[in-house]
$ cat query_4.txt   # compact mmCIF, C-alpha atoms
# COMPACT_ATOMS: atom_id res chain seq x y z
CA MET A 1 138.30 86.90 112.23
CA SER A 2 137.53 86.75 108.54
CA SER A 3 140.43 86.63 106.09
CA VAL A 4 138.27 88.15 103.34
CA ARG A 5 139.28 91.66 102.35
CA PRO A 6 137.23 94.28 100.50
CA LEU A 7 137.78 94.70 96.77
CA VAL A 8 138.09 98.44 97.34
CA GLN A 9 140.79 100.20 99.32
CA VAL A 10 138.28 101.93 101.61
CA PRO A 11 134.81 100.42 102.18
CA ALA A 12 132.01 102.90 101.44
CA VAL A 13 129.68 104.32 104.06
CA ILE A 14 126.29 104.75 102.40
CA GLY A 15 123.70 107.08 103.92
CA HIS A 16 120.55 104.95 103.69
CA ARG A 17 117.70 107.28 102.68
CA GLY A 18 120.11 109.97 103.86
CA ALA A 19 121.02 110.27 107.52
CA SER A 20 117.60 108.80 108.21
CA GLY A 21 118.38 108.09 111.86
CA TYR A 22 118.49 111.86 112.42
CA ARG A 23 116.12 113.46 109.89
CA PRO A 24 112.92 112.23 108.19
CA GLU A 25 114.04 109.81 105.48
CA ASN A 26 114.25 110.69 101.79
CA THR A 27 114.35 114.44 102.42
CA LEU A 28 117.01 116.80 101.16
CA ALA A 29 117.81 117.61 104.79
CA ALA A 30 118.57 113.93 105.46
CA TYR A 31 120.83 113.69 102.41
CA GLU A 32 122.67 116.91 103.14
CA LEU A 33 123.31 115.81 106.72
CA ALA A 34 124.60 112.41 105.52
CA ALA A 35 127.06 114.13 103.20
CA ARG A 36 128.18 116.60 105.85
CA LEU A 37 128.72 113.75 108.32
CA GLY A 38 131.06 112.23 105.74
CA ALA A 39 129.05 109.57 103.86
CA ASP A 40 130.66 108.47 100.62
CA ARG A 41 127.32 107.61 99.04
CA ILE A 42 123.73 108.62 99.62
CA GLU A 43 120.82 106.34 98.75
CA PRO A 44 117.39 107.61 97.65
CA ASP A 45 114.32 105.57 96.64
CA LEU A 46 112.59 106.55 93.39
CA VAL A 47 108.83 106.36 92.78
CA PRO A 48 106.69 108.04 90.08
CA THR A 49 103.97 110.66 90.34
CA ARG A 50 100.79 110.65 88.27
CA ASP A 51 102.28 113.19 85.84
CA GLY A 52 105.55 111.31 85.35
CA ALA A 53 107.98 112.92 87.80
CA LEU A 54 110.38 110.89 89.92
CA VAL A 55 110.16 111.69 93.63
CA LEU A 56 111.92 110.32 96.69
CA ARG A 57 109.86 108.04 98.94
CA HIS A 58 110.68 104.59 100.29
CA GLU A 59 107.48 103.29 98.77
CA SER A 60 104.75 104.99 96.79
CA GLU A 61 102.27 104.57 99.68
CA ILE A 62 102.88 107.75 101.66
CA THR A 63 100.44 107.62 104.58
CA HIS A 64 103.20 107.23 107.17
CA SER A 65 105.97 109.31 105.56
CA THR A 66 103.97 112.50 104.86
CA ASP A 67 101.12 114.53 106.33
CA VAL A 68 98.75 113.50 103.53
CA ALA A 69 96.23 112.02 106.00
CA THR A 70 95.65 115.50 107.42
CA ARG A 71 94.63 116.94 104.06
CA PRO A 72 90.82 116.98 103.55
CA ASP A 73 91.27 118.08 99.93
CA LEU A 74 93.11 114.82 99.18
CA ALA A 75 90.83 112.49 101.16
CA SER A 76 89.19 111.18 98.00
CA ARG A 77 92.54 109.91 96.73
CA ARG A 78 92.77 107.29 99.45
CA THR A 79 92.55 103.90 97.77
CA SER A 80 93.69 100.27 97.90
CA ARG A 81 96.33 98.70 95.70
CA LEU A 82 97.98 95.30 95.45
CA VAL A 83 101.61 95.69 96.54
CA GLU A 84 103.89 92.65 96.62
CA GLY A 85 100.90 90.36 96.83
CA LYS A 86 99.20 92.27 99.67
CA VAL A 87 96.34 94.75 99.62
CA VAL A 88 97.58 98.11 100.91
CA THR A 89 95.23 101.00 101.64
CA GLY A 90 96.41 104.59 101.71
CA TRP A 91 97.60 107.39 99.48
CA PHE A 92 99.98 106.59 96.60
CA THR A 93 102.34 108.87 94.70
CA GLU A 94 101.09 107.51 91.37
CA ASP A 95 97.64 108.94 92.16
CA LEU A 96 98.97 112.44 92.87
CA ASP A 97 100.63 114.90 90.52
CA LEU A 98 103.91 116.60 91.38
CA ALA A 99 102.27 119.85 92.49
CA GLU A 100 100.09 117.93 94.94
CA LEU A 101 103.09 115.99 96.26
CA ARG A 102 105.00 119.25 96.68
CA SER A 103 102.21 120.62 98.84
CA LEU A 104 102.77 117.83 101.38
CA ARG A 105 105.39 117.73 104.12
CA ALA A 106 107.53 114.80 105.20
CA VAL A 107 107.21 113.21 108.64
CA GLU A 108 109.16 110.57 110.54
CA PRO A 109 107.65 107.19 109.52
CA ARG A 110 108.83 105.44 112.72
CA PRO A 111 107.92 107.91 115.48
CA GLY A 112 107.85 105.20 118.14
CA LEU A 113 111.44 104.19 117.39
CA ARG A 114 112.78 107.63 116.47
CA PRO A 115 110.96 110.18 118.62
CA GLY A 116 113.85 112.62 118.35
CA THR A 117 113.42 112.86 114.62
CA THR A 118 109.78 113.93 114.92
CA VAL A 119 110.93 117.44 115.85
CA TYR A 120 111.51 117.89 112.11
CA ASP A 121 108.02 116.72 111.07
CA GLY A 122 106.33 119.11 108.69
CA LEU A 123 109.46 121.05 107.72
CA TYR A 124 110.52 119.42 104.47
CA GLN A 125 108.95 118.85 101.08
CA VAL A 126 108.94 115.60 99.15
CA PRO A 127 111.94 116.16 96.83
CA THR A 128 112.43 115.13 93.23
CA PHE A 129 115.28 112.97 91.93
CA ALA A 130 116.59 115.96 89.97
CA GLU A 131 116.71 118.10 93.12
CA LEU A 132 118.79 115.48 94.91
CA LEU A 133 121.21 115.19 92.01
CA GLU A 134 121.60 118.99 92.00
CA LEU A 135 122.13 119.02 95.78
CA ALA A 136 124.78 116.31 95.49
CA ALA A 137 126.62 118.32 92.83
CA SER A 138 126.57 121.39 95.07
CA LEU A 139 127.84 119.40 98.06
CA ARG A 140 130.64 117.81 96.01
CA ALA A 141 131.81 121.28 95.02
CA GLU A 142 131.55 122.69 98.54
CA LEU A 143 133.03 119.73 100.43
CA GLY A 144 135.59 118.70 97.83
CA ARG A 145 134.57 115.05 98.06
CA HIS A 146 133.27 112.49 95.59
CA ILE A 147 129.71 111.84 96.79
CA VAL A 148 127.83 109.20 94.80
CA VAL A 149 124.03 109.01 94.55
CA THR A 150 123.07 105.32 94.57
CA ALA A 151 119.40 105.43 93.60
CA GLU A 152 117.06 102.52 94.23
CA VAL A 153 114.32 102.12 91.64
CA LYS A 154 111.29 100.73 93.46
CA ASP A 155 109.18 97.93 91.99
CA PRO A 156 109.27 98.94 88.29
CA GLU A 157 107.19 95.93 87.24
CA ARG A 158 104.25 97.08 89.36
CA TYR A 159 104.40 100.57 87.91
CA ALA A 160 104.61 99.17 84.38
CA ALA A 161 101.22 97.55 84.94
CA ASP A 162 99.86 101.05 85.63
CA GLY A 163 101.44 102.50 82.49
CA PHE A 164 104.62 103.98 84.00
CA ASP A 165 107.90 103.21 82.21
CA VAL A 166 110.16 103.96 85.16
CA ALA A 167 113.29 102.78 83.34
CA ALA A 168 112.71 105.30 80.56
CA MET A 169 112.01 108.02 83.14
CA VAL A 170 115.23 107.36 85.04
CA LEU A 171 117.40 107.18 81.93
CA ALA A 172 115.86 110.36 80.52
CA GLU A 173 116.66 112.22 83.75
CA LEU A 174 120.27 111.03 83.80
CA ASP A 175 120.67 111.94 80.14
CA ARG A 176 119.12 115.39 80.66
CA LEU A 177 121.58 116.14 83.45
CA GLY A 178 124.58 114.69 81.59
CA LEU A 179 125.03 111.94 84.16
CA ASP A 180 124.78 108.79 82.02
CA ALA A 181 128.49 108.02 82.08
CA ALA A 182 130.66 105.31 83.61
CA ASP A 183 132.47 107.86 85.78
CA ALA A 184 129.37 109.83 86.75
CA PRO A 185 128.71 110.06 90.51
CA VAL A 186 125.52 108.01 90.12
CA ALA A 187 124.59 104.33 90.40
CA LEU A 188 121.26 102.56 89.95
CA GLN A 189 120.04 99.66 92.06
CA CYS A 190 116.96 97.47 92.05
CA PHE A 191 115.71 94.15 93.37
CA GLN A 192 114.33 93.21 89.94
CA PRO A 193 117.05 91.83 87.63
CA GLY A 194 114.89 92.55 84.58
CA PHE A 195 115.08 96.26 85.21
CA LEU A 196 118.86 96.24 85.55
CA ARG A 197 119.29 94.06 82.47
CA ARG A 198 117.06 96.39 80.49
CA VAL A 199 118.84 99.62 81.39
CA ARG A 200 122.19 97.98 80.68
CA ALA A 201 120.92 96.70 77.31
CA GLU A 202 119.64 100.17 76.48
CA GLY A 203 123.15 101.50 76.89
CA THR A 204 123.32 103.10 80.32
CA ARG A 205 126.90 103.37 81.45
CA VAL A 206 126.38 104.06 85.17
CA PRO A 207 127.27 101.29 87.62
CA LEU A 208 124.42 98.93 88.51
CA VAL A 209 123.70 97.31 91.86
CA GLN A 210 121.71 94.08 92.25
CA LEU A 211 119.78 94.14 95.51
CA VAL A 212 118.94 90.72 96.96
CA GLU A 213 117.12 89.47 100.02
CA GLY A 214 117.03 86.05 101.62
CA ASP A 215 114.14 84.63 99.60
CA ASP A 216 114.35 81.91 96.94
CA ALA A 217 115.26 84.37 94.18
CA GLY A 218 117.91 86.03 96.33
CA ARG A 219 119.50 82.77 97.36
CA ALA A 220 119.60 81.63 93.73
CA ALA A 221 121.33 84.86 92.72
CA CYS A 222 123.95 84.26 95.40
CA THR A 223 125.10 80.83 94.24
CA PRO A 224 128.42 80.84 92.37
CA TRP A 225 126.54 80.41 89.08
CA GLY A 226 124.03 83.12 89.99
CA LEU A 227 126.80 85.54 90.93
CA ARG A 228 128.45 85.01 87.57
CA GLU A 229 125.13 85.87 85.92
CA VAL A 230 124.77 89.03 88.03
CA SER A 231 128.28 90.08 87.03
CA THR A 232 127.24 90.17 83.36
CA TYR A 233 125.16 93.32 83.96
CA ALA A 234 125.98 94.68 87.45
CA GLN A 235 129.08 95.74 89.32
CA VAL A 236 127.77 95.41 92.88
CA LEU A 237 125.77 92.84 94.83
CA ALA A 238 123.77 94.30 97.73
CA PRO A 239 122.51 91.51 100.02
CA ALA A 240 120.46 91.70 103.20
CA LYS A 241 122.82 91.70 106.16
CA ASP A 242 121.78 88.26 107.45
CA MET A 243 123.01 86.75 104.19
CA VAL A 244 126.56 87.78 105.15
CA LEU A 245 126.50 87.44 108.95
CA PRO A 246 123.54 85.33 110.09
CA VAL A 247 122.28 85.61 113.64
CA GLY A 248 122.80 82.43 115.62
CA SER A 249 120.35 80.72 117.95
CA ASP A 250 122.05 82.48 120.88
CA GLY A 251 121.28 85.90 119.36
CA SER A 252 124.85 86.69 118.38
CA LEU A 253 126.34 87.22 114.94
CA GLY A 254 127.62 83.91 113.67
CA PRO A 255 130.52 83.16 111.33
CA ALA A 256 130.48 84.84 107.94
CA THR A 257 128.89 82.93 105.08
CA PRO A 258 130.93 82.41 101.87
CA LEU A 259 128.88 85.10 100.08
CA VAL A 260 131.39 87.95 100.20
CA GLU A 261 134.25 85.76 99.06
CA ASP A 262 132.11 84.18 96.30
CA ALA A 263 130.92 87.58 95.08
CA HIS A 264 134.47 88.92 95.00
CA ARG A 265 135.54 85.88 93.04
CA ALA A 266 132.85 86.77 90.48
CA GLY A 267 134.19 90.32 90.31
CA LEU A 268 131.32 91.86 92.29
CA ALA A 269 131.71 94.33 95.13
CA VAL A 270 129.39 93.76 98.10
CA HIS A 271 127.30 96.47 99.78
CA VAL A 272 125.29 95.10 102.71
CA TRP A 273 121.98 96.53 103.98
CA THR A 274 120.82 97.94 106.36
CA LEU A 275 122.55 98.83 109.65
CA ARG A 276 120.80 100.95 112.27
CA ASN A 277 121.62 102.05 115.82
CA GLU A 278 118.39 101.21 117.60
CA ASN A 279 117.89 98.06 119.69
CA ALA A 280 114.94 97.02 117.50
CA PHE A 281 117.24 96.46 114.51
CA LEU A 282 120.21 94.84 116.26
CA PRO A 283 120.92 91.17 116.92
CA PRO A 284 119.70 90.29 120.44
CA ALA A 285 123.24 89.96 121.78
CA LEU A 286 124.02 93.55 120.79
CA ARG A 287 120.96 95.13 122.40
CA VAL A 288 121.18 97.04 125.64
CA VAL A 289 118.69 97.31 128.48
CA GLY A 290 115.96 99.70 127.50
CA SER A 291 113.29 100.23 124.88
CA ASP A 292 113.41 99.21 121.23
CA ALA A 293 114.21 102.85 120.47
CA ALA A 294 117.29 102.92 122.70
CA PRO A 295 120.63 102.92 120.87
CA GLY A 296 122.27 99.55 121.26
CA ARG A 297 125.78 98.35 120.52
CA ALA A 298 125.53 99.26 116.85
CA LEU A 299 129.20 100.10 116.50
CA ALA A 300 130.03 96.45 117.12
CA GLU A 301 127.65 95.38 114.34
CA HIS A 302 129.11 97.88 111.86
CA LEU A 303 132.60 96.67 112.74
CA ALA A 304 131.63 93.04 112.27
CA PHE A 305 130.50 93.65 108.70
CA LEU A 306 133.68 95.55 107.85
CA GLU A 307 135.61 92.64 109.33
CA ALA A 308 133.65 90.28 107.07
CA GLY A 309 135.16 92.01 104.03
CA VAL A 310 132.22 93.96 102.62
CA ASP A 311 132.92 96.86 100.27
CA GLY A 312 130.17 99.10 101.59
CA ILE A 313 127.59 99.37 104.37
CA PHE A 314 124.16 100.94 104.10
CA THR A 315 123.47 102.68 107.38
CA ASP A 316 120.81 105.03 108.76
CA HIS A 317 123.55 106.50 110.96
CA PRO A 318 126.53 107.47 108.79
CA ASP A 319 128.52 108.77 111.75
CA THR A 320 128.42 105.31 113.32
CA GLY A 321 129.57 103.78 110.04
CA LEU A 322 132.40 106.28 109.66
CA GLU A 323 133.66 105.74 113.21
CA ALA A 324 133.52 101.97 112.69
CA ARG A 325 135.54 102.33 109.49
CA ARG A 326 138.13 104.50 111.23
CA LEU A 327 138.57 101.97 114.02
CA TRP A 328 138.62 99.05 111.59
CA SER A 329 141.21 100.67 109.33
CA THR A 330 143.57 101.58 112.16
CA GLY A 331 143.31 98.23 113.96
CA GLN A 332 142.61 99.87 117.31
CA LEU A 333 141.50 97.92 120.36
CA VAL A 334 137.75 98.32 120.69
CA PRO A 335 135.93 97.17 123.84
CA GLY A 336 133.20 94.72 122.99
CA ALA A 337 133.75 94.77 119.25
CA ARG A 338 133.95 91.00 118.90
CA ARG A 339 131.01 89.46 117.08
CA GLY A 340 128.24 88.33 119.36
CA GLY A 341 128.78 91.17 121.81
CA SER A 342 131.56 89.73 123.95
CA PRO A 343 132.73 92.37 126.42
CA ALA A 344 136.35 91.53 125.69
CA ALA A 345 138.38 93.96 123.58
CA THR A 346 139.17 92.78 120.07
CA ARG A 347 141.98 93.92 117.82
CA LEU A 348 140.40 94.57 114.46
CA ALA A 349 141.96 93.66 111.15
CA GLY A 350 143.75 96.67 109.68
$ encode --input "query_4.txt" --output "structure tokens"
Amino acid sequence: MSSVRPLVQVPAVIGHRGASGYRPENTLAAYELAARLGADRIEPDLVPTRDGALVLRHESEITHSTDVATRPDLASRRTSRLVEGKVVTGWFTEDLDLAELRSLRAVEPRPGLRPGTTVYDGLYQVPTFAELLELAASLRAELGRHIVVTAEVKDPERYAADGFDVAAMVLAELDRLGLDAADAPVALQCFQPGFLRRVRAEGTRVPLVQLVEGDDAGRAACTPWGLREVSTYAQVLAPAKDMVLPVGSDGSLGPATPLVEDAHRAGLAVHVWTLRNENAFLPPALRVVGSDAAPGRALAEHLAFLEAGVDGIFTDHPDTGLEARRLWSTGQLVPGARRGGSPAATRLAG
């Protein structure tokens, strides 16, 4: 087992797009459920509308996350845009104003993998960033817990080309709500270092999170030199999960890479993304017999990342993350918790 320990006393469970394994993602219902399940942090994605509002969608193309395709009055808004080097056709938030977005209803974007969540299709509006911040404040007061909103700013460089200054929009919203403070229950994260450097240079005091994936830029950021650079403007590194525990040729989780230890040495906490319960998202050795939608041995995966010393886990299923943290912290014997899905019981580091 790894000898690396988290920088924090208790690793955070982060509700990824809310409790998105149980409610349509990026809805207030998903975030409220995540908080009530016990998540320490909730993570929305921010995209702009045509009239300059910030709304919560995983990407600005909303064909699969709303009922926009059923709206004849919005049919003319369907268009094609270049997104991350690919032509994408559909409806985009930046072509709709807030009133039009508010007239839509959210749906489950992965109905084949999450058929149970489709029962909630059509019930919830597309919320604004401000509405989520207000909900989080209400839940903190009701539940008596410190619930942090860790907001991901999506692709600000692309929106800048269309005339949207997303950085200015985000900072203005935090300032308006009195949340631009080092101890505010808010953090900002982004894949683009330029965005994070800019908001830090412009004086934002909220914690910043550098998201990275396993491409050339991400690997460069995760070298010892790159991590020192990240630490000059951010407090947290958020890598893709395979960068911490790669999957071996046999389909099991292999030994931990040095990334967590290197990041800690640079003074950075590590929040890994994204853990999910369904077979489709698990390493082959942790899948069970059944469809891609069947819940596999996700508890073992959550435990493995806690064992690897991460400071937080993004999860679509906060209850799984919380149970994993409870078991990890108490050092209980857990059948099959060893990495790679061995059926033997493993005593977890406490």
$ atom_distance --input "query_4.txt" --atom1 "atom CA of Pro284 of chain A" --atom2 "atom CA of Glu301 of chain A"
11.2 Å
$ residues_around --input "query_4.txt" --residues "segment 23-34 of chain A" --least-positions-apart "3" --cutoff "9 Å" --atoms "only C-alpha atoms" --output "JSON, numbers by chain"
{"A": [14, 15, 16, 17, 18, 19, 20, 37, 38, 39, 40, 41, 42, 43, 44, 45, 56, 57, 58, 65, 106, 107, 108, 109, 116, 117, 118, 119, 120, 121, 124, 125, 126, 127, 131, 132, 135, 136, 139, 316, 317, 318, 319]}
$ atom_distance --input "query_4.txt" --atom1 "atom CA of Leu208 of chain A" --atom2 "atom CA of Arg176 of chain A"
19.0 Å
$ closest_residue --input "query_4.txt" --among "A:Leu227, A:Val153, A:Val8, A:Ala285" --to "Gly254 of chain A" --atoms "all atoms listed in the file"
A:Ala285
$ closest_residue --input "query_4.txt" --among "A:Leu82, A:Glu59, A:Val4, A:Leu306" --to "Leu322 of chain A" --atoms "only C-alpha atoms"
A:Leu306
$ closest_residue --input "query_4.txt" --among "A:Ile62, A:Val236, A:Pro193, A:Gln9" --to "Ala217 of chain A" --atoms "all atoms listed in the file"
A:Pro193
$ residues_around --input "query_4.txt" --residues "Leu98 of chain A" --least-positions-apart "2" --cutoff "9 Å" --atoms "only C-alpha atoms" --output "PDB file with C-alpha atoms, keeping the file's coordinate frame"
ATOM      1  CA  THR A  49     103.970 110.660  90.340  1.00  0.00           C
ATOM      2  CA  ARG A  50     100.790 110.650  88.270  1.00  0.00           C
ATOM      3  CA  ASP A  51     102.280 113.190  85.840  1.00  0.00           C
ATOM      4  CA  GLY A  52     105.550 111.310  85.350  1.00  0.00           C
ATOM      5  CA  ALA A  53     107.980 112.920  87.800  1.00  0.00           C
ATOM      6  CA  LEU A  54     110.380 110.890  89.920  1.00  0.00           C
ATOM      7  CA  VAL A  55     110.160 111.690  93.630  1.00  0.00           C
ATOM      8  CA  THR A  93     102.340 108.870  94.700  1.00  0.00           C
ATOM      9  CA  LEU A  96      98.970 112.440  92.870  1.00  0.00           C
ATOM     10  CA  GLU A 100     100.090 117.930  94.940  1.00  0.00           C
ATOM     11  CA  LEU A 101     103.090 115.990  96.260  1.00  0.00           C
ATOM     12  CA  ARG A 102     105.000 119.250  96.680  1.00  0.00           C
ATOM     13  CA  SER A 103     102.210 120.620  98.840  1.00  0.00           C
ATOM     14  CA  THR A 128     112.430 115.130  93.230  1.00  0.00           C
TER      15      THR A 128
END
$ closest_residue --input "query_4.txt" --among "A:Ala304, A:Ala187, A:Leu275, A:Val230" --to "Leu245 of chain A" --atoms "only C-alpha atoms"
A:Ala304
$ atom_distance --input "query_4.txt" --atom1 "atom CA of Cys222 of chain A" --atom2 "atom CA of His264 of chain A"
11.5 Å
$ residues_near_point --input "query_4.txt" --point "(98.7, 107.9, 98.8)" --cutoff "12 Å" --atoms "all atoms listed in the file" --output "CSV table (one decimal) with C-alpha atoms, in the coordinates of the input"
chain,number,residue,atom,x,y,z
A,47,VAL,CA,108.8,106.4,92.8
A,48,PRO,CA,106.7,108.0,90.1
A,49,THR,CA,104.0,110.7,90.3
A,50,ARG,CA,100.8,110.6,88.3
A,57,ARG,CA,109.9,108.0,98.9
A,59,GLU,CA,107.5,103.3,98.8
A,60,SER,CA,104.8,105.0,96.8
A,61,GLU,CA,102.3,104.6,99.7
A,62,ILE,CA,102.9,107.8,101.7
A,63,THR,CA,100.4,107.6,104.6
A,64,HIS,CA,103.2,107.2,107.2
A,65,SER,CA,106.0,109.3,105.6
A,66,THR,CA,104.0,112.5,104.9
A,67,ASP,CA,101.1,114.5,106.3
A,68,VAL,CA,98.8,113.5,103.5
A,69,ALA,CA,96.2,112.0,106.0
A,70,THR,CA,95.6,115.5,107.4
A,71,ARG,CA,94.6,116.9,104.1
A,74,LEU,CA,93.1,114.8,99.2
A,75,ALA,CA,90.8,112.5,101.2
A,76,SER,CA,89.2,111.2,98.0
A,77,ARG,CA,92.5,109.9,96.7
A,78,ARG,CA,92.8,107.3,99.4
A,79,THR,CA,92.6,103.9,97.8
A,80,SER,CA,93.7,100.3,97.9
A,81,ARG,CA,96.3,98.7,95.7
A,88,VAL,CA,97.6,98.1,100.9
A,89,THR,CA,95.2,101.0,101.6
A,90,GLY,CA,96.4,104.6,101.7
A,91,TRP,CA,97.6,107.4,99.5
A,92,PHE,CA,100.0,106.6,96.6
A,93,THR,CA,102.3,108.9,94.7
A,94,GLU,CA,101.1,107.5,91.4
A,95,ASP,CA,97.6,108.9,92.2
A,96,LEU,CA,99.0,112.4,92.9
A,97,ASP,CA,100.6,114.9,90.5
A,100,GLU,CA,100.1,117.9,94.9
A,101,LEU,CA,103.1,116.0,96.3
A,104,LEU,CA,102.8,117.8,101.4
$ residues_around --input "query_4.txt" --residues "segment 288-299 of chain A" --least-positions-apart "6" --cutoff "7 Å" --atoms "all atoms listed in the file" --output "PyMOL selection string"
chain A and resi 113-114+276-280+282+320+324
$ residues_near_point --input "query_4.txt" --point "(120.2, 114.9, 86.7)" --cutoff "9 Å" --atoms "only C-alpha atoms" --output "MDAnalysis selection string"
chainID A and resid 129:134 172:180
$ write_last_selection --input "query_4.txt" --atoms "C-alpha atoms" --output "PDB file, keeping the file's coordinate frame"
ATOM      1  CA  PHE A 129     115.280 112.970  91.930  1.00  0.00           C
ATOM      2  CA  ALA A 130     116.590 115.960  89.970  1.00  0.00           C
ATOM      3  CA  GLU A 131     116.710 118.100  93.120  1.00  0.00           C
ATOM      4  CA  LEU A 132     118.790 115.480  94.910  1.00  0.00           C
ATOM      5  CA  LEU A 133     121.210 115.190  92.010  1.00  0.00           C
ATOM      6  CA  GLU A 134     121.600 118.990  92.000  1.00  0.00           C
ATOM      7  CA  ALA A 172     115.860 110.360  80.520  1.00  0.00           C
ATOM      8  CA  GLU A 173     116.660 112.220  83.750  1.00  0.00           C
ATOM      9  CA  LEU A 174     120.270 111.030  83.800  1.00  0.00           C
ATOM     10  CA  ASP A 175     120.670 111.940  80.140  1.00  0.00           C
ATOM     11  CA  ARG A 176     119.120 115.390  80.660  1.00  0.00           C
ATOM     12  CA  LEU A 177     121.580 116.140  83.450  1.00  0.00           C
ATOM     13  CA  GLY A 178     124.580 114.690  81.590  1.00  0.00           C
ATOM     14  CA  LEU A 179     125.030 111.940  84.160  1.00  0.00           C
ATOM     15  CA  ASP A 180     124.780 108.790  82.020  1.00  0.00           C
TER      16      ASP A 180
END
$ build_atoms --input "query_4.txt" --residues "segment 222-233 of chain A" --atoms "N, CA and C atoms" --output "PDB file, keeping the file's coordinate frame"
ATOM      1  N   CYS A 222     122.723  84.262  94.622  1.00  0.00           N
ATOM      2  CA  CYS A 222     123.950  84.260  95.400  1.00  0.00           C
ATOM      3  C   CYS A 222     124.710  82.939  95.353  1.00  0.00           C
ATOM      4  N   THR A 223     124.285  82.010  94.508  1.00  0.00           N
ATOM      5  CA  THR A 223     125.100  80.830  94.240  1.00  0.00           C
ATOM      6  C   THR A 223     126.260  81.244  93.338  1.00  0.00           C
ATOM      7  N   PRO A 224     127.322  80.466  93.267  1.00  0.00           N
ATOM      8  CA  PRO A 224     128.420  80.840  92.370  1.00  0.00           C
ATOM      9  C   PRO A 224     127.963  81.066  90.925  1.00  0.00           C
ATOM     10  N   TRP A 225     127.042  80.212  90.439  1.00  0.00           N
ATOM     11  CA  TRP A 225     126.540  80.410  89.080  1.00  0.00           C
ATOM     12  C   TRP A 225     125.717  81.684  88.995  1.00  0.00           C
ATOM     13  N   GLY A 226     124.852  81.915  89.985  1.00  0.00           N
ATOM     14  CA  GLY A 226     124.030  83.120  89.990  1.00  0.00           C
ATOM     15  C   GLY A 226     124.863  84.381  90.054  1.00  0.00           C
ATOM     16  N   LEU A 227     125.936  84.373  90.827  1.00  0.00           N
ATOM     17  CA  LEU A 227     126.800  85.540  90.930  1.00  0.00           C
ATOM     18  C   LEU A 227     127.491  85.836  89.601  1.00  0.00           C
ATOM     19  N   ARG A 228     127.862  84.781  88.892  1.00  0.00           N
ATOM     20  CA  ARG A 228     128.450  85.010  87.570  1.00  0.00           C
ATOM     21  C   ARG A 228     127.443  85.664  86.636  1.00  0.00           C
ATOM     22  N   GLU A 229     126.178  85.244  86.731  1.00  0.00           N
ATOM     23  CA  GLU A 229     125.130  85.870  85.920  1.00  0.00           C
ATOM     24  C   GLU A 229     124.960  87.342  86.290  1.00  0.00           C
ATOM     25  N   VAL A 230     124.915  87.637  87.583  1.00  0.00           N
ATOM     26  CA  VAL A 230     124.770  89.030  88.030  1.00  0.00           C
ATOM     27  C   VAL A 230     125.910  89.879  87.494  1.00  0.00           C
ATOM     28  N   SER A 231     127.110  89.316  87.468  1.00  0.00           N
ATOM     29  CA  SER A 231     128.280  90.080  87.030  1.00  0.00           C
ATOM     30  C   SER A 231     128.251  90.439  85.557  1.00  0.00           C
ATOM     31  N   THR A 232     127.335  89.824  84.786  1.00  0.00           N
ATOM     32  CA  THR A 232     127.240  90.170  83.360  1.00  0.00           C
ATOM     33  C   THR A 232     126.552  91.506  83.135  1.00  0.00           C
ATOM     34  N   TYR A 233     125.838  92.032  84.151  1.00  0.00           N
ATOM     35  CA  TYR A 233     125.160  93.320  83.960  1.00  0.00           C
ATOM     36  C   TYR A 233     125.358  94.293  85.125  1.00  0.00           C
TER      37      TYR A 233
END
